[in-house]
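Participant: File query21.tsv follows (TSV, C-alpha atoms):
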chain	number	residue	atom	x	y	z
A	4	MET	CA	-23.19	8.74	-79.33
A	5	ASP	CA	-23.94	8.71	-83.03
A	6	VAL	CA	-27.10	10.36	-84.37
A	7	HIS	CA	-28.49	9.59	-87.83
A	8	ASN	CA	-31.44	11.28	-89.51
A	9	VAL	CA	-33.06	8.19	-91.03
A	10	THR	CA	-35.66	10.22	-92.96
A	11	ALA	CA	-33.14	12.57	-94.57
A	12	ASP	CA	-33.77	11.13	-98.05
A	13	ALA	CA	-37.56	11.36	-97.88
A	14	GLU	CA	-39.29	12.71	-100.98
A	15	GLY	CA	-42.57	13.45	-99.22
A	16	PHE	CA	-43.35	15.49	-96.10
A	17	THR	CA	-42.04	13.97	-92.89
A	18	CYS	CA	-40.37	14.97	-89.69
A	19	ASN	CA	-36.74	14.24	-89.00
A	20	ALA	CA	-36.56	10.82	-87.33
A	21	TYR	CA	-33.32	10.34	-85.40
A	22	LEU	CA	-31.64	7.02	-84.74
A	23	VAL	CA	-29.32	7.41	-81.75
A	24	GLU	CA	-26.68	4.73	-81.39
A	25	GLY	CA	-24.74	4.14	-78.21
A	26	GLU	CA	-25.13	2.18	-75.02
A	27	ARG	CA	-28.88	2.35	-75.60
A	28	THR	CA	-30.04	2.48	-79.22
A	29	VAL	CA	-33.12	4.67	-79.49
A	30	LEU	CA	-35.29	6.15	-82.24
A	31	VAL	CA	-36.66	9.63	-81.59
A	32	ASP	CA	-39.87	9.89	-83.66
A	33	ALA	CA	-40.75	7.52	-86.46
A	34	GLY	CA	-41.59	9.94	-89.25
A	35	ALA	CA	-43.78	9.46	-92.29
A	36	MET	CA	-41.30	8.11	-94.84
A	37	GLU	CA	-42.11	4.76	-96.38
A	38	GLY	CA	-39.03	2.60	-96.10
A	39	VAL	CA	-37.82	4.09	-92.83
A	40	VAL	CA	-37.52	0.56	-91.41
A	41	ASP	CA	-35.00	-0.26	-94.14
A	42	GLU	CA	-33.04	2.88	-93.31
A	43	ILE	CA	-32.89	1.92	-89.64
A	44	GLU	CA	-31.87	-1.62	-90.49
A	45	GLY	CA	-28.91	-0.18	-92.38
A	46	TYR	CA	-27.50	0.77	-88.97
A	47	THR	CA	-28.93	-1.70	-86.48
A	48	ASP	CA	-31.17	-4.73	-86.07
A	49	HIS	CA	-32.31	-3.70	-82.59
A	50	LEU	CA	-34.02	-0.74	-80.94
A	51	ASP	CA	-34.08	-0.41	-77.17
A	52	ALA	CA	-36.90	2.14	-77.38
A	53	VAL	CA	-38.87	4.50	-79.58
A	54	LEU	CA	-39.46	7.96	-78.09
A	55	LEU	CA	-42.09	10.38	-79.40
A	56	THR	CA	-41.87	14.15	-79.15
A	57	HIS	CA	-45.56	14.30	-80.12
A	58	GLN	CA	-48.10	12.47	-82.24
A	59	HIS	CA	-48.71	14.62	-85.31
A	60	GLY	CA	-48.96	12.52	-88.45
A	61	ASP	CA	-45.57	13.51	-89.85
A	62	HIS	CA	-44.00	12.09	-86.68
A	63	VAL	CA	-45.97	8.85	-86.29
A	64	SER	CA	-47.27	7.67	-89.67
A	65	GLU	CA	-44.61	4.94	-89.83
A	66	LEU	CA	-44.69	4.20	-86.11
A	67	ASP	CA	-46.56	0.91	-86.36
A	68	ALA	CA	-44.16	-0.32	-89.04
A	69	VAL	CA	-41.17	0.50	-86.83
A	70	LEU	CA	-42.69	-1.08	-83.73
A	71	ASP	CA	-43.64	-4.20	-85.66
A	72	ALA	CA	-40.18	-4.54	-87.19
A	73	PHE	CA	-38.16	-4.07	-84.02
A	74	ASP	CA	-40.58	-5.06	-81.24
A	75	ALA	CA	-39.43	-1.96	-79.37
A	76	PRO	CA	-41.16	-0.36	-76.37
A	77	LEU	CA	-42.86	2.94	-77.10
A	78	TYR	CA	-42.35	5.93	-74.80
A	79	ALA	CA	-44.85	8.76	-75.23
A	80	TYR	CA	-46.44	11.58	-73.24
A	81	GLY	CA	-49.86	11.29	-74.88
A	82	GLU	CA	-52.04	8.21	-74.86
A	83	HIS	CA	-51.33	5.69	-77.60
A	84	PRO	CA	-52.63	2.11	-77.92
A	85	ARG	CA	-49.08	0.80	-78.19
A	86	ARG	CA	-47.53	2.95	-75.50
A	87	HIS	CA	-45.32	0.93	-73.18
A	88	THR	CA	-44.16	3.76	-70.90
A	89	GLU	CA	-45.90	7.04	-70.17
A	90	LEU	CA	-43.55	10.00	-70.19
A	91	GLU	CA	-44.11	12.76	-67.67
A	92	ASP	CA	-42.52	16.15	-67.24
A	93	GLY	CA	-39.35	15.74	-65.21
A	94	ASP	CA	-38.79	12.10	-66.10
A	95	GLN	CA	-35.36	10.96	-67.22
A	96	VAL	CA	-34.71	8.61	-70.13
A	97	PHE	CA	-31.41	7.19	-71.35
A	98	VAL	CA	-30.71	7.80	-75.03
A	99	GLY	CA	-27.49	6.70	-76.68
A	100	ASP	CA	-24.88	7.31	-74.02
A	101	GLU	CA	-26.58	10.08	-72.03
A	102	PRO	CA	-29.45	10.67	-69.62
A	103	PHE	CA	-32.06	13.06	-71.02
A	104	ASP	CA	-34.63	15.03	-69.04
A	105	VAL	CA	-38.19	15.04	-70.36
A	106	VAL	CA	-39.53	18.60	-70.64
A	107	TYR	CA	-43.24	19.11	-71.32
A	108	THR	CA	-43.53	21.73	-74.08
A	109	PRO	CA	-47.13	22.16	-75.31
A	110	GLY	CA	-48.36	24.83	-77.69
A	111	HIS	CA	-47.64	23.24	-81.05
A	112	ALA	CA	-49.20	20.02	-79.73
A	113	ASP	CA	-50.84	19.24	-76.40
A	114	ASP	CA	-48.68	16.14	-75.94
A	115	HIS	CA	-45.36	17.71	-76.98
A	116	VAL	CA	-42.17	16.98	-75.07
A	117	ALA	CA	-38.51	17.78	-75.67
A	118	PHE	CA	-35.51	15.79	-74.48
A	119	VAL	CA	-32.55	17.60	-72.90
A	120	SER	CA	-29.16	16.23	-71.85
A	121	PRO	CA	-26.02	18.06	-70.67
A	122	THR	CA	-24.89	18.31	-74.31
A	123	THR	CA	-27.87	17.71	-76.58
A	124	LEU	CA	-31.43	18.85	-77.30
A	125	PHE	CA	-34.05	16.86	-79.20
A	126	SER	CA	-36.56	19.67	-79.58
A	127	GLY	CA	-39.25	18.15	-81.76
A	128	ASP	CA	-41.27	21.03	-83.22
A	129	VAL	CA	-41.28	23.43	-80.27
A	130	VAL	CA	-38.16	25.11	-81.71
A	131	VAL	CA	-36.11	24.38	-84.82
A	132	HIS	CA	-32.89	25.81	-86.17
A	133	ASP	CA	-34.18	26.61	-89.66
A	134	ASP	CA	-37.32	26.17	-91.71
A	135	SER	CA	-39.20	27.92	-94.51
A	136	ALA	CA	-40.00	30.84	-92.21
A	137	PHE	CA	-36.66	31.59	-90.51
A	138	ASP	CA	-33.04	30.59	-91.06
A	139	TYR	CA	-31.81	30.78	-87.46
A	140	GLY	CA	-34.14	30.15	-84.56
A	141	SER	CA	-37.70	29.27	-85.53
A	142	PHE	CA	-40.64	27.77	-83.65
A	143	GLY	CA	-43.53	25.41	-84.22
A	144	ARG	CA	-46.60	26.72	-85.96
A	145	THR	CA	-49.60	27.59	-83.79
A	146	ASP	CA	-52.30	28.51	-86.32
A	147	MET	CA	-54.06	25.15	-86.43
A	148	PRO	CA	-56.97	24.05	-84.18
A	149	GLY	CA	-55.82	23.07	-80.70
A	150	GLN	CA	-52.57	25.01	-80.93
A	151	SER	CA	-51.61	28.08	-78.87
A	152	ARG	CA	-48.91	30.68	-79.37
A	153	GLU	CA	-49.12	31.68	-75.71
A	154	ARG	CA	-48.54	28.12	-74.52
A	155	LEU	CA	-45.72	27.74	-77.01
A	156	ILE	CA	-43.99	30.85	-75.67
A	157	GLU	CA	-44.29	29.50	-72.13
A	158	SER	CA	-42.87	26.18	-73.32
A	159	ILE	CA	-39.83	27.78	-74.92
A	160	GLU	CA	-39.22	29.68	-71.68
A	161	THR	CA	-39.51	26.41	-69.76
A	162	LEU	CA	-37.11	24.76	-72.18
A	163	LEU	CA	-34.52	27.48	-71.65
A	164	GLU	CA	-34.80	27.04	-67.89
A	165	ALA	CA	-34.22	23.30	-68.27
A	166	MET	CA	-31.27	23.55	-70.66
A	167	PRO	CA	-27.72	23.51	-69.31
A	168	GLU	CA	-25.56	26.39	-70.53
A	169	ASP	CA	-23.28	24.22	-72.66
A	170	VAL	CA	-25.80	22.36	-74.81
A	171	GLU	CA	-24.13	22.25	-78.22
A	172	ASN	CA	-26.15	19.79	-80.32
A	173	MET	CA	-29.69	20.44	-81.51
A	174	TYR	CA	-31.79	17.89	-83.39
A	175	ALA	CA	-35.19	19.32	-84.30
A	176	GLY	CA	-38.22	17.80	-85.94
A	177	HIS	CA	-37.65	19.82	-89.11
A	178	GLY	CA	-34.77	21.63	-90.76
A	179	GLU	CA	-31.08	21.00	-90.34
A	180	GLU	CA	-29.32	19.78	-87.22
A	181	PHE	CA	-27.24	22.43	-85.45
A	182	HIS	CA	-23.99	22.29	-83.55
A	183	GLY	CA	-22.89	25.33	-81.61
A	184	ASP	CA	-24.60	27.74	-79.22
A	185	VAL	CA	-27.98	26.04	-78.98
A	186	ARG	CA	-29.17	28.40	-76.27
A	187	ASP	CA	-28.77	31.35	-78.65
A	188	VAL	CA	-30.88	29.57	-81.27
A	189	VAL	CA	-33.64	28.88	-78.75
A	190	GLU	CA	-33.51	32.45	-77.39
A	191	THR	CA	-33.84	33.76	-80.96
A	192	ALA	CA	-36.86	31.54	-81.51
A	193	LEU	CA	-38.42	32.87	-78.32
A	194	GLU	CA	-37.91	36.48	-79.38
A	195	ARG	CA	-39.62	35.80	-82.70
A	196	ALA	CA	-42.49	33.91	-81.11
A	197	GLU	CA	-43.04	36.76	-78.62
A	198	GLN	CA	-43.64	39.19	-81.48
A	199	ARG	CA	-46.90	37.26	-81.95
A	200	GLU	CA	-46.88	37.89	-85.68
A	201	PRO	CA	-48.13	35.08	-87.93
A	202	LYS	CA	-45.35	32.63	-88.73
A	203	TYR	CA	-46.93	31.90	-92.10
A	204	PRO	CA	-48.98	35.04	-92.92
A	205	ASP	CA	-50.81	33.39	-95.81
A	206	ASP	CA	-52.15	30.67	-93.49
A	207	GLU	CA	-53.31	32.76	-90.53
Would you mind writing the structure in this file as C-alpha coordinates?

Facilitator:
Amino acid sequence: MDVHNVTADAEGFTCNAYLVEGERTVLVDAGAMEGVVDEIEGYTDHLDAVLLTHQHGDHVSELDAVLDAFDAPLYAYGEHPRRHTELEDGDQVFVGDEPFDVVYTPGHADDHVAFVSPTTLFSGDVVVHDDSAFDYGSFGRTDMPGQSRERLIESIETLLEAMPEDVENMYAGHGEEFHGDVRDVVETALERAEQREPKYPDDE
(Lines of atoms letter the chains of each structure in order from A and count residues from 1; the text may use other names and numbers.)
(Lines give C-alpha, C1' and ligand atoms only; values in the text may rest on other atoms or scores of the structure.)
Protein backbone atom coordinates (compact mmCIF):
# COMPACT_ATOMS: atom_id res chain seq x y z
CA MET A 1 0.00 0.00 0.00
CA ASP A 2 1.09 3.57 -0.63
CA VAL A 3 0.92 6.15 2.17
CA HIS A 4 1.00 9.89 1.48
CA ASN A 5 1.13 12.67 4.07
CA VAL A 6 -1.33 15.07 2.44
CA THR A 7 -0.66 17.85 4.97
CA ALA A 8 3.13 17.76 4.59
CA ASP A 9 3.21 21.20 2.95
CA ALA A 10 1.06 22.93 5.55
CA GLU A 11 2.27 26.34 6.71
CA GLY A 12 0.11 26.40 9.84
CA PHE A 13 -0.25 23.93 12.70
CA THR A 14 -1.86 20.64 11.72
CA CYS A 15 -1.52 16.96 12.32
CA ASN A 16 -0.17 14.61 9.69
CA ALA A 17 -3.12 13.39 7.62
CA TYR A 18 -2.35 10.15 5.79
CA LEU A 19 -3.92 9.05 2.54
CA VAL A 20 -3.53 5.28 2.22
CA GLU A 21 -3.97 3.89 -1.27
CA GLY A 22 -4.56 0.24 -1.99
CA GLU A 23 -7.47 -2.13 -2.21
CA ARG A 24 -9.33 0.23 0.11
CA THR A 25 -8.42 3.92 -0.12
CA VAL A 26 -8.61 5.49 3.32
CA LEU A 27 -7.72 8.81 4.95
CA VAL A 28 -6.39 8.62 8.50
CA ASP A 29 -7.25 11.98 10.12
CA ALA A 30 -8.24 15.05 8.15
CA GLY A 31 -5.90 17.65 9.61
CA ALA A 32 -6.26 21.41 9.76
CA MET A 33 -4.66 22.48 6.48
CA GLU A 34 -6.81 24.52 4.14
CA GLY A 35 -6.60 22.94 0.73
CA VAL A 36 -6.22 19.38 1.98
CA VAL A 37 -9.07 18.33 -0.32
CA ASP A 38 -7.02 19.49 -3.31
CA GLU A 39 -4.03 17.51 -2.05
CA ILE A 40 -6.14 14.36 -1.76
CA GLU A 41 -7.63 14.90 -5.19
CA GLY A 42 -4.10 14.91 -6.58
CA TYR A 43 -4.03 11.19 -5.81
CA THR A 44 -7.62 9.99 -5.94
CA ASP A 45 -11.21 11.03 -6.58
CA HIS A 46 -12.62 8.52 -4.10
CA LEU A 47 -12.27 7.68 -0.41
CA ASP A 48 -13.65 4.43 0.96
CA ALA A 49 -13.47 5.79 4.51
CA VAL A 50 -12.08 8.46 6.81
CA LEU A 51 -10.67 7.16 10.10
CA LEU A 52 -10.00 9.38 13.11
CA THR A 53 -7.37 8.71 15.75
CA HIS A 54 -9.04 11.38 17.91
CA GLN A 55 -10.92 14.64 17.59
CA HIS A 56 -8.52 17.40 18.62
CA GLY A 57 -8.80 20.42 16.35
CA ASP A 58 -5.54 19.83 14.51
CA HIS A 59 -6.91 16.45 13.43
CA VAL A 60 -10.47 17.40 12.46
CA SER A 61 -10.65 21.07 11.45
CA GLU A 62 -10.90 20.12 7.77
CA LEU A 63 -13.01 17.02 8.37
CA ASP A 64 -16.28 18.48 7.12
CA ALA A 65 -14.59 19.69 3.94
CA VAL A 66 -13.18 16.22 3.28
CA LEU A 67 -16.47 14.45 4.01
CA ASP A 68 -18.38 16.88 1.81
CA ALA A 69 -15.93 16.49 -1.07
CA PHE A 70 -15.73 12.71 -1.08
CA ASP A 71 -19.01 11.62 0.55
CA ALA A 72 -16.96 9.14 2.60
CA PRO A 73 -18.14 7.29 5.71
CA LEU A 74 -16.55 8.47 8.94
CA TYR A 75 -15.15 5.96 11.43
CA ALA A 76 -14.49 7.32 14.92
CA TYR A 77 -14.31 6.15 18.53
CA GLY A 78 -15.84 9.30 20.00
CA GLU A 79 -19.27 10.66 19.18
CA HIS A 80 -19.45 12.89 16.13
CA PRO A 81 -22.55 14.15 14.29
CA ARG A 82 -21.25 12.71 11.02
CA ARG A 83 -19.97 9.43 12.37
CA HIS A 84 -21.02 6.51 10.20
CA THR A 85 -19.34 3.71 12.16
CA GLU A 86 -18.41 3.65 15.83
CA LEU A 87 -14.96 2.22 16.46
CA GLU A 88 -14.44 0.08 19.53
CA ASP A 89 -11.34 -1.39 21.09
CA GLY A 90 -10.60 -4.70 19.38
CA ASP A 91 -12.40 -3.87 16.15
CA GLN A 92 -10.70 -4.52 12.84
CA VAL A 93 -10.73 -2.13 9.89
CA PHE A 94 -9.26 -2.61 6.42
CA VAL A 95 -6.88 0.16 5.34
CA GLY A 96 -5.05 0.07 2.03
CA ASP A 97 -4.20 -3.59 1.61
CA GLU A 98 -4.12 -4.70 5.25
CA PRO A 99 -6.41 -5.39 8.19
CA PHE A 100 -5.72 -3.10 11.14
CA ASP A 101 -6.70 -3.69 14.76
CA VAL A 102 -8.25 -0.78 16.63
CA VAL A 103 -6.46 -0.19 19.95
CA TYR A 104 -8.01 2.20 22.47
CA THR A 105 -5.23 4.48 23.73
CA PRO A 106 -6.54 7.31 25.95
CA GLY A 107 -4.43 9.73 27.95
CA HIS A 108 -3.71 12.41 25.37
CA ALA A 109 -7.40 12.35 24.43
CA ASP A 110 -10.30 10.37 25.88
CA ASP A 111 -11.35 9.18 22.43
CA HIS A 112 -7.88 8.27 21.15
CA VAL A 113 -7.29 5.09 19.17
CA ALA A 114 -4.33 3.71 17.25
CA PHE A 115 -4.42 1.36 14.27
CA VAL A 116 -2.08 -1.65 14.16
CA SER A 117 -1.47 -4.13 11.34
CA PRO A 118 1.16 -6.88 11.01
CA THR A 119 3.52 -4.34 9.41
CA THR A 120 2.28 -0.84 10.20
CA LEU A 121 1.27 1.46 13.06
CA PHE A 122 -0.86 4.59 12.74
CA SER A 123 -0.24 5.92 16.22
CA GLY A 124 -1.97 9.28 16.21
CA ASP A 125 -0.57 11.29 19.12
CA VAL A 126 -0.14 8.54 21.71
CA VAL A 127 3.46 8.06 20.53
CA VAL A 128 5.46 9.77 17.79
CA HIS A 129 8.92 9.19 16.39
CA ASP A 130 10.17 12.77 16.76
CA ASP A 131 8.86 16.15 17.83
CA SER A 132 10.12 19.34 19.45
CA ALA A 133 10.71 17.49 22.73
CA PHE A 134 12.49 14.29 21.65
CA ASP A 135 14.18 13.04 18.48
CA TYR A 136 13.52 9.31 18.89
CA GLY A 137 10.51 8.04 20.76
CA SER A 138 8.20 10.73 22.10
CA PHE A 139 4.65 10.73 23.43
CA GLY A 140 1.54 12.88 23.41
CA ARG A 141 1.36 15.79 25.78
CA THR A 142 -0.71 15.35 28.93
CA ASP A 143 -0.62 18.80 30.56
CA MET A 144 -3.94 20.08 29.23
CA PRO A 145 -7.35 19.69 30.94
CA GLY A 146 -8.80 16.22 30.53
CA GLN A 147 -5.44 14.62 29.80
CA SER A 148 -3.62 12.08 31.99
CA ARG A 149 -0.01 10.92 32.00
CA GLU A 150 -0.98 7.78 33.92
CA ARG A 151 -3.59 6.79 31.35
CA LEU A 152 -1.15 7.56 28.56
CA ILE A 153 1.46 5.26 30.09
CA GLU A 154 -1.12 2.48 30.34
CA SER A 155 -2.08 3.10 26.72
CA ILE A 156 1.49 2.80 25.48
CA GLU A 157 1.81 -0.46 27.39
CA THR A 158 -1.42 -1.67 25.79
CA LEU A 159 -0.14 -0.64 22.39
CA LEU A 160 3.05 -2.64 22.86
CA GLU A 161 1.02 -5.69 23.81
CA ALA A 162 -1.06 -5.32 20.66
CA MET A 163 1.85 -4.77 18.27
CA PRO A 164 3.35 -7.70 16.39
CA GLU A 165 7.13 -8.00 16.73
CA ASP A 166 7.86 -7.10 13.12
CA VAL A 167 5.98 -3.83 12.74
CA GLU A 168 8.32 -1.71 10.62
CA ASN A 169 6.30 1.33 9.51
CA MET A 170 5.15 4.07 11.87
CA TYR A 171 2.94 6.97 10.82
CA ALA A 172 2.30 9.32 13.73
CA GLY A 173 0.14 12.40 14.09
CA HIS A 174 3.20 14.66 14.24
CA GLY A 175 6.83 14.47 13.24
CA GLU A 176 8.40 12.31 10.57
CA GLU A 177 7.30 8.85 9.50
CA PHE A 178 9.61 6.05 10.60
CA HIS A 179 10.65 2.80 8.99
CA GLY A 180 12.60 0.30 11.05
CA ASP A 181 12.25 -1.12 14.55
CA VAL A 182 8.98 0.52 15.54
CA ARG A 183 8.78 -1.43 18.78
CA ASP A 184 12.04 0.16 19.95
CA VAL A 185 10.66 3.62 19.24
CA VAL A 186 7.50 2.90 21.23
CA GLU A 187 9.48 1.34 24.10
CA THR A 188 11.68 4.45 24.21
CA ALA A 189 8.59 6.65 24.36
CA LEU A 190 7.26 4.56 27.24
CA GLU A 191 10.49 4.89 29.19
CA ARG A 192 10.40 8.66 28.82
CA ALA A 193 6.73 8.90 29.75
CA GLU A 194 7.34 6.78 32.87
CA GLN A 195 9.86 9.32 34.16
CA ARG A 196 6.80 11.54 34.70
CA GLU A 197 8.80 14.67 34.05
CA PRO A 198 7.06 17.50 32.16
CA LYS A 199 7.34 17.01 28.42
CA TYR A 200 7.31 20.77 27.91
CA PRO A 201 8.60 22.22 31.22
CA ASP A 202 7.59 25.78 30.34
CA ASP A 203 3.96 24.70 29.92
CA GLU A 204 3.48 22.54 33.01

Participant: Quick one: pull the distance between CA of Asn172 in chain A and CA of Met4 in chain A, Å, one decimal.

Facilitator: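 The value is 11.5 Å.
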
Participant: What does the structure give for the distance between CA of Val31 in chain A and CA of Ala192 in chain A, in Å to one decimal?

Facilitator: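 Here the two named atoms are 21.9 Å from each other.
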
Participant: Between A:Ala79, A:Val131, A:Leu70, A:Met147, which has the minimum distance to Arg186 in chain A (counting all atoms listed in the file)?

Facilitator: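 Selected residue with least distance to Arg186 in chain A: A:Val131.
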
Participant: Please identify all polymer residues within 9 Å of Tyr21 in chain A, counting all atoms listed in the file, omitting same-chain residues fewer than 2 positions from it, and present them as a ChimeraX atom specification.

Facilitator: /A:6-10,19,23,29-33,174,176

Participant: Rank nothing, just name the residue among A:Thr123, A:Thr28, A:Thr47, A:Thr88 nearest to Val170 in chain A, using only C-alpha atoms.

Facilitator: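 Closest to Val170 in chain A, using only C-alpha atoms: A:Thr123.
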
Participant: Please return, as a PyMOL selection string, all polymer residues that have at least one atom within 12 Å of the point (-51.3, 17.8, -75.6); use only C-alpha atoms and the file's own coordinate frame.

Facilitator: chain A and resi 56-59+79-82+91+107-116+149-151+154-155

Participant: Within 12 Å of Ala13 in chain A, counting all atoms listed in the file, which residues qualify if same-chain residues fewer than 5 places away don't, as a count of residues only?

Facilitator: 12

Participant: Measuring atom to atom with all atoms listed in the file, identify which of A:Pro201, A:Pro121, A:Gly183, A:Gly178 is nearest to Asp146 in chain A.

Facilitator: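 With all atoms listed in the file as the atom set, the closest residue is A:Pro201.
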
Participant: Between CA of His62 in chain A and CA of Phe16 in chain A, what distance in Å does the model show, to one decimal?

Facilitator: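 So the two atoms, CA of His62 in chain A and CA of Phe16 in chain A, lie 10.0 Å apart.
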
Participant: Go through A:Val98, A:Ala72, A:Leu163, A:Ala175 one by one, measure the shortest atom-to-atom distance of each to Gly143 in chain A using only C-alpha atoms, and give the residue with the smallest value.

Facilitator: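 With only C-alpha atoms as the atom set, the closest residue is A:Ala175.
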
Participant: I'd like to know which of A:Leu193, A:Leu54, A:Ile43, A:Leu162 is closest to Phe142 in chain A, using only C-alpha atoms.

Facilitator: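 Of A:Leu193, A:Leu54, A:Ile43, A:Leu162, the one nearest Phe142 in chain A is A:Leu193, counting only C-alpha atoms.
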
Participant: Out of A:Ala75, A:Val185, A:Ala196, A:Ala165, which residue has the shortest atom-to-atom distance to Asp51 in chain A when counting only C-alpha atoms?

Facilitator: A:Ala75

Participant: If we count only C-alpha atoms, what is near Asp133 in chain A at a cut-off of 8 Å, once residues fewer than 3 positions away on the same chain are taken out, given as a JSON list (two decimals) with C-alpha atoms, in the coordinates of the input?

Facilitator:
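Generated output (part-v4.json):
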[["chain", "number", "residue", "atom", "x", "y", "z"],
["A", 136, "ALA", "CA", -40.00, 30.84, -92.21],
["A", 137, "PHE", "CA", -36.66, 31.59, -90.51],
["A", 138, "ASP", "CA", -33.04, 30.59, -91.06],
["A", 139, "TYR", "CA", -31.81, 30.78, -87.46],
["A", 140, "GLY", "CA", -34.14, 30.15, -84.56],
["A", 141, "SER", "CA", -37.70, 29.27, -85.53],
["A", 177, "HIS", "CA", -37.65, 19.82, -89.11],
["A", 178, "GLY", "CA", -34.77, 21.63, -90.76],
["A", 179, "GLU", "CA", -31.08, 21.00, -90.34]]
